[in-house]
file data-v2.txt (compact mmCIF, C-alpha atoms)
# COMPACT_ATOMS: atom_id res chain seq x y z
CA MET P 1 8.65 -39.91 -1.59
CA GLN P 2 10.35 -38.69 -4.78
CA TRP P 3 7.18 -37.42 -6.52
CA GLN P 4 6.17 -35.48 -3.39
CA ARG P 5 9.62 -33.91 -3.22
CA LYS P 6 9.32 -32.88 -6.87
CA ILE P 7 5.95 -31.20 -6.24
CA TYR P 8 7.37 -29.27 -3.28
CA GLU P 9 10.29 -28.13 -5.46
CA ILE P 10 7.88 -26.88 -8.14
CA PHE P 11 5.84 -24.93 -5.57
CA ASP P 12 9.03 -23.46 -4.09
CA ASP P 13 10.20 -22.37 -7.56
CA MET P 14 6.82 -20.74 -8.29
CA GLU P 15 6.90 -18.93 -4.96
CA ASP P 16 10.42 -17.65 -5.66
CA ILE P 17 9.35 -16.38 -9.09
CA MET P 18 6.33 -14.57 -7.63
CA THR P 19 8.44 -13.08 -4.83
CA ASN P 20 10.97 -11.79 -7.37
CA LYS P 21 8.22 -10.23 -9.48
CA ILE P 22 6.61 -8.56 -6.47
CA THR P 23 10.00 -7.21 -5.37
CA GLU P 24 10.66 -5.83 -8.87
CA ILE P 25 7.28 -4.07 -8.97
CA ASN P 26 7.81 -2.67 -5.48
CA ASN P 27 11.30 -1.33 -6.26
CA GLN P 28 10.07 0.45 -9.39
CA ALA P 29 7.01 1.89 -7.65
CA ALA P 30 9.03 3.06 -4.63
CA LEU P 31 11.34 5.12 -6.86
CA ILE P 32 8.43 6.63 -8.77
CA THR P 33 6.63 7.41 -5.51
CA ALA P 34 9.68 9.19 -4.08
CA GLY P 35 9.91 11.36 -7.21
CA ASN P 36 6.22 12.22 -7.19
CA LEU P 37 6.25 13.05 -3.47
CA THR P 38 9.31 15.25 -3.98
CA ARG P 39 7.37 17.30 -6.54
CA PHE P 40 4.17 17.30 -4.47
CA LEU P 41 5.80 18.29 -1.18
CA GLY P 42 8.48 20.55 -2.56
CA LYS P 43 10.99 18.65 -0.40
CA HIS P 44 13.46 15.94 -1.38
CA VAL P 45 12.03 12.51 -0.57
CA THR P 46 13.87 9.20 -0.62
CA VAL P 47 12.76 5.72 0.36
CA ASP P 48 14.90 4.28 3.15
CA MET P 49 13.19 0.89 3.08
CA SER P 50 10.43 -0.72 1.08
CA LYS P 51 9.63 -4.37 1.67
CA ALA P 52 6.87 -6.20 -0.21
CA SER P 53 5.19 -9.52 0.45
CA LEU P 54 1.95 -11.39 -0.18
CA LYS P 55 -0.04 -11.90 3.01
CA LYS P 56 -3.18 -13.78 3.83
CA MET P 57 -5.81 -11.40 5.16
CA ILE P 58 -5.93 -13.30 8.43
CA ASN P 59 -2.20 -12.63 8.95
CA ILE P 60 -2.31 -8.85 8.54
CA GLY P 61 -3.10 -8.59 12.23
CA ASP P 62 0.46 -9.79 12.90
CA THR P 63 1.66 -6.35 11.79
CA PHE P 64 -1.15 -4.13 13.07
CA ASP P 65 -2.98 -4.08 16.35
CA PRO P 66 -6.65 -3.88 15.23
CA GLU P 67 -7.17 -1.10 17.79
CA GLU P 68 -4.21 1.02 16.59
CA ILE P 69 -5.36 4.43 15.36
CA VAL P 70 -4.27 5.08 11.77
CA ALA P 71 -5.01 7.41 8.88
CA GLY P 72 -6.21 5.40 5.90
CA VAL P 73 -6.74 6.40 2.29
CA TYR P 74 -8.62 3.73 0.41
CA LEU P 75 -10.15 3.40 -3.02
CA PRO P 76 -11.86 0.67 -5.02
CA VAL P 77 -9.88 -0.94 -7.84
CA THR P 78 -11.52 -2.66 -10.79
CA GLY P 79 -10.32 -4.19 -14.03
CA ALA P 80 -7.83 -7.06 -14.08
CA ILE P 81 -7.89 -6.95 -10.28
CA ASN P 82 -11.06 -6.31 -8.33
CA GLY P 83 -10.49 -5.21 -4.77
CA SER P 84 -9.29 -2.19 -2.88
CA SER P 85 -6.12 -0.15 -2.49
CA LEU P 86 -5.24 1.07 1.01
CA PHE P 87 -2.52 3.50 2.10
CA ILE P 88 -1.89 3.57 5.85
CA LEU P 89 -0.11 6.09 8.05
CA PRO P 90 0.09 5.30 11.78
CA LYS P 91 -1.26 8.19 13.87
CA GLU P 92 2.10 9.83 14.64
CA SER P 93 3.23 9.46 11.03
CA ALA P 94 0.00 11.13 9.91
CA PHE P 95 0.63 14.06 12.25
CA ILE P 96 4.19 14.51 10.97
CA MET P 97 3.10 14.25 7.34
CA SER P 98 0.40 16.87 7.98
CA ASP P 99 3.01 19.26 9.37
CA ILE P 100 5.14 18.77 6.25
CA LEU P 101 2.22 19.06 3.83
CA LEU P 102 0.89 22.24 5.41
CA LYS P 103 4.35 23.71 6.16
CA ARG P 104 3.93 23.76 9.91
CA LYS P 105 6.65 23.42 12.49
CA LEU P 106 7.23 19.72 13.13
CA GLY P 107 5.31 18.55 16.19
CA THR P 108 2.50 21.10 15.76
CA THR P 109 -0.27 18.76 14.59
CA ARG P 110 -2.00 16.78 17.32
CA LYS P 111 -5.44 16.62 15.75
CA LEU P 112 -6.48 16.31 12.11
CA THR P 113 -8.63 19.04 10.62
CA LYS P 114 -10.56 18.83 7.35
CA ILE P 115 -7.62 20.54 5.63
CA ASP P 116 -5.23 17.92 7.06
CA GLU P 117 -7.51 15.11 5.93
CA SER P 118 -7.73 16.55 2.42
CA ALA P 119 -3.93 16.86 2.16
CA LEU P 120 -3.36 13.33 3.46
CA LYS P 121 -6.01 11.95 1.11
CA GLU P 122 -4.25 13.52 -1.87
CA THR P 123 -0.91 12.10 -0.67
CA GLY P 124 -2.40 8.62 -0.33
CA ASN P 125 -4.02 8.94 -3.74
CA ILE P 126 -0.65 9.80 -5.32
CA ILE P 127 1.08 6.84 -3.67
CA SER P 128 -1.68 4.37 -4.53
CA GLY P 129 -1.62 5.63 -8.11
CA CYS P 130 2.14 5.01 -8.37
CA TYR P 131 1.83 1.38 -7.30
CA LEU P 132 -1.22 0.66 -9.44
CA SER P 133 0.33 2.35 -12.51
CA THR P 134 3.54 0.34 -12.08
CA LEU P 135 1.57 -2.90 -11.86
CA SER P 136 -0.56 -1.90 -14.85
CA ASN P 137 2.40 -0.85 -17.03
CA THR P 138 4.56 -3.85 -16.12
CA TYR P 139 1.94 -6.43 -17.06
CA LYS P 140 0.00 -4.43 -19.67
CA ILE P 141 -3.25 -4.80 -17.78
CA LYS P 142 -6.13 -2.41 -17.20
CA LEU P 143 -6.62 -1.18 -13.65
CA ILE P 144 -9.23 1.44 -12.86
CA GLU P 145 -8.86 3.59 -9.75
CA HIS P 146 -12.00 5.04 -8.24
CA ILE P 147 -12.61 7.99 -5.93
CA PRO P 148 -10.42 7.85 -2.79
CA GLN P 149 -11.89 8.03 0.69
CA PHE P 150 -10.24 9.01 3.95
CA SER P 151 -10.68 7.60 7.44
CA PHE P 152 -8.97 8.23 10.77
CA ASP P 153 -9.94 5.31 12.95
CA MET P 154 -8.82 1.99 14.40
CA PHE P 155 -7.06 -0.14 11.78
CA GLY P 156 -9.47 -3.04 12.32
CA ALA P 157 -12.48 -0.80 11.74
CA ILE P 158 -11.05 0.63 8.51
CA LEU P 159 -10.15 -2.82 7.17
CA SER P 160 -13.60 -4.20 7.98
CA GLN P 161 -15.22 -1.24 6.24
CA ILE P 162 -13.12 -1.73 3.11
CA ILE P 163 -13.80 -5.44 2.90
CA SER P 164 -17.55 -4.99 3.32
CA LYS P 165 -17.72 -2.24 0.67
CA PHE P 166 -15.06 -2.94 -1.91
CA ALA P 167 -13.21 -6.21 -1.37
CA LYS P 168 -15.75 -8.77 -0.22
CA LYS P 169 -13.87 -11.65 -1.92
CA ALA P 170 -10.42 -10.51 -0.80
CA ASP P 171 -8.37 -13.27 0.80
CA GLU P 172 -4.85 -11.93 0.21
CA ALA P 173 -3.06 -8.60 0.18
CA LEU P 174 0.04 -7.23 -1.46
CA PHE P 175 1.55 -5.79 1.72
CA ILE P 176 4.29 -3.17 1.49
CA GLU P 177 6.16 -1.58 4.38
CA ILE P 178 7.70 1.79 3.47
CA ARG P 179 10.03 4.19 5.28
CA TYR P 180 10.15 7.65 3.70
CA ASN P 181 13.10 9.92 4.43
CA ILE P 182 11.90 13.54 4.36
CA HIS P 183 14.71 15.43 6.06
CA PRO P 184 14.90 15.71 9.02
CA VAL P 185 12.31 12.99 9.71
CA LYS P 186 11.59 9.43 8.66
CA ILE P 187 7.95 8.46 8.17
CA ALA P 188 6.59 4.94 8.47
CA ALA P 189 3.83 4.01 6.03
CA TYR P 190 2.14 0.94 4.58
CA TYR P 191 0.48 0.15 1.28
CA LEU P 192 -1.97 -2.71 0.81
CA LEU P 193 -3.71 -4.00 -2.30
CA LEU P 194 -6.54 -6.32 -1.26
CA PHE P 195 -7.71 -8.88 -3.80
CA ASP P 196 -8.85 -12.38 -4.58
CA SER P 197 -5.73 -14.57 -4.73
CA SER P 198 -6.66 -15.94 -8.18
CA ASP P 199 -6.49 -12.41 -9.67
CA ILE P 200 -2.93 -11.65 -8.64
CA GLN P 201 -1.67 -15.15 -9.51
CA LEU P 202 -2.96 -14.81 -13.07
CA ILE P 203 -1.16 -11.47 -13.40
CA LEU P 204 2.13 -12.50 -11.82
CA GLU P 205 2.27 -15.63 -13.94
CA LYS P 206 2.31 -13.47 -17.09
CA GLN P 207 5.67 -13.43 -18.86
call {"tool": "encode", "arguments": {"input": "data-v2.txt", "output": "structure tokens"}}
result
Amino acid sequence: MQWQRKIYEIFDDMEDIMTNKITEINNQAALITAGNLTRFLGKHVTVDMSKASLKKMINIGDTFDPEEIVAGVYLPVTGAINGSSLFILPKESAFIMSDILLKRKLGTTRKLTKIDESALKETGNIISGCYLSTLSNTYKIKLIEHIPQFSFDMFGAILSQIISKFAKKADEALFIEIRYNIHPVKIAAYYLLLFDSSDIQLILEKQ
């Protein structure tokens, strides 16, 4: 029917607008992140690929095997959005990043020490801060980052821990796939912002 078609068109338009806004935020944050990592690592960093989308929490498993071992840096976020920020490095990416951070020969790290964990936690904190600052500055909203925590465990275990502690009402996630180019390697990483869907919709609907 005509009125049903009109409603579908409105929803499609709203979805397109939100997708465009998320893409804009992601592009800005990716550039800032590359610059900050370049200074932090002392090596030139570029972003080969950064793709952002909104995902239902139940669909995140389409990307990650719950039993996949990952390094996760997560921190509570309060303010205009209440939830949790999560930076993920798959196991092999975490090992490569540790080698770069601690100036080891590539391929050296096969187990994370406390020093590795501390370096990765600081890296994740920098990246999370870039995305949250971009979101905050773009929409003139207050976002408060809290103390980051580090975990090296199965993805499903880390996600469950975050939801139970910091994001109990989370039903959606801003899900970003990133490929960092740190010559001579490329590092796969993921950034997630877990939140109640009503929070992000109110923000993205701001002009």
call {"tool": "residues_around", "arguments": {"input": "data-v2.txt", "residues": "stretch 72-75 of chain P", "least_positions_apart": "4", "cutoff": "7 Å", "atoms": "only C-alpha atoms", "output": "list in words"}}
result
Ser84, Ser85, Leu86, Phe87, Ile88, Leu89, Lys121, Gly124, Glu145, His146, Ile147, Pro148, Gln149, Phe150, Ser151 and Phe152 of chain P
call {"tool": "residues_around", "arguments": {"input": "data-v2.txt", "residues": "P:Ile81", "least_positions_apart": "2", "cutoff": "9 Å", "atoms": "all atoms listed in the file", "output": "list in words"}}
result
Val77, Thr78, Gly79, Gly83, Ser84, Lys142, Leu143, Ile144, Phe195, Asp196, Asp199, Ile200 and Ile203 of chain P
call {"tool": "write_last_selection", "arguments": {"input": "data-v2.txt", "atoms": "C-alpha atoms", "output": "mmCIF file, in the frame of the given file"}}
result
data_model
loop_
_atom_site.group_PDB
_atom_site.id
_atom_site.type_symbol
_atom_site.label_atom_id
_atom_site.label_comp_id
_atom_site.auth_asym_id
_atom_site.auth_seq_id
_atom_site.Cartn_x
_atom_site.Cartn_y
_atom_site.Cartn_z
ATOM 1 C CA VAL P 77 -9.880 -0.940 -7.840
ATOM 2 C CA THR P 78 -11.520 -2.660 -10.790
ATOM 3 C CA GLY P 79 -10.320 -4.190 -14.030
ATOM 4 C CA GLY P 83 -10.490 -5.210 -4.770
ATOM 5 C CA SER P 84 -9.290 -2.190 -2.880
ATOM 6 C CA LYS P 142 -6.130 -2.410 -17.200
ATOM 7 C CA LEU P 143 -6.620 -1.180 -13.650
ATOM 8 C CA ILE P 144 -9.230 1.440 -12.860
ATOM 9 C CA PHE P 195 -7.710 -8.880 -3.800
ATOM 10 C CA ASP P 196 -8.850 -12.380 -4.580
ATOM 11 C CA ASP P 199 -6.490 -12.410 -9.670
ATOM 12 C CA ILE P 200 -2.930 -11.650 -8.640
ATOM 13 C CA ILE P 203 -1.160 -11.470 -13.400
#
call {"tool": "axis_aligned_box", "arguments": {"input": "data-v2.txt", "around": "stretch 85-101 of chain P", "padding_each_side": "8 Å", "output": "AutoDock Vina command-line options"}}
result
--center_x -0.5 --center_y 9.6 --center_z 6.1 --size_x 27.3 --size_y 35.4 --size_z 33.1
call {"tool": "residues_near_point", "arguments": {"input": "data-v2.txt", "point": "(0.8, 16.4, 11.3)", "cutoff": "8 Å", "atoms": "only C-alpha atoms", "output": "list in words"}}
result
Glu92, Ser93, Ala94, Phe95, Ile96, Met97, Ser98, Asp99, Ile100, Leu106, Gly107, Thr108, Thr109, Arg110, Lys111, Leu112 and Asp116 of chain P
call {"tool": "atom_distance", "arguments": {"input": "data-v2.txt", "atom1": "atom CA of P:Asn181", "atom2": "atom CA of P:Ile115"}}
result
23.3 Å
call {"tool": "residues_near_point", "arguments": {"input": "data-v2.txt", "point": "(-1.9, -8.3, -0.2)", "cutoff": "7 Å", "atoms": "all atoms listed in the file", "output": "VMD selection string"}}
result
chain P and resid 54 to 56 172 to 175 192 to 195
call {"tool": "closest_residue", "arguments": {"input": "data-v2.txt", "among": "P:Thr23, P:Thr113, P:Thr46, P:Gln28", "to": "P:Ile187", "atoms": "only C-alpha atoms"}}
result
P:Thr46
call {"tool": "atom_distance", "arguments": {"input": "data-v2.txt", "atom1": "atom CA of P:Thr134", "atom2": "atom CA of P:Thr33"}}
result
10.1 Å
call {"tool": "closest_residue", "arguments": {"input": "data-v2.txt", "among": "P:Glu117, P:Ile25, P:Ala170, P:Ile176", "to": "P:Asn137", "atoms": "all atoms listed in the file"}}
result
P:Ile25
call {"tool": "closest_residue", "arguments": {"input": "data-v2.txt", "among": "P:Asn20, P:Ser118, P:Ser128, P:Asn82", "to": "P:Lys169", "atoms": "only C-alpha atoms"}}
result
P:Asn82
call {"tool": "atom_distance", "arguments": {"input": "data-v2.txt", "atom1": "atom CA of P:Val45", "atom2": "atom CA of P:Leu31"}}
result
9.7 Å
call {"tool": "residues_around", "arguments": {"input": "data-v2.txt", "residues": "P:His44", "least_positions_apart": "6", "cutoff": "12 Å", "atoms": "all atoms listed in the file", "output": "PyMOL selection string"}}
result
chain P and resi 33-38+100+180-185
call {"tool": "closest_residue", "arguments": {"input": "data-v2.txt", "among": "P:Ser50, P:Leu101, P:Ile141, P:Pro90", "to": "P:Glu122", "atoms": "all atoms listed in the file"}}
result
P:Leu101
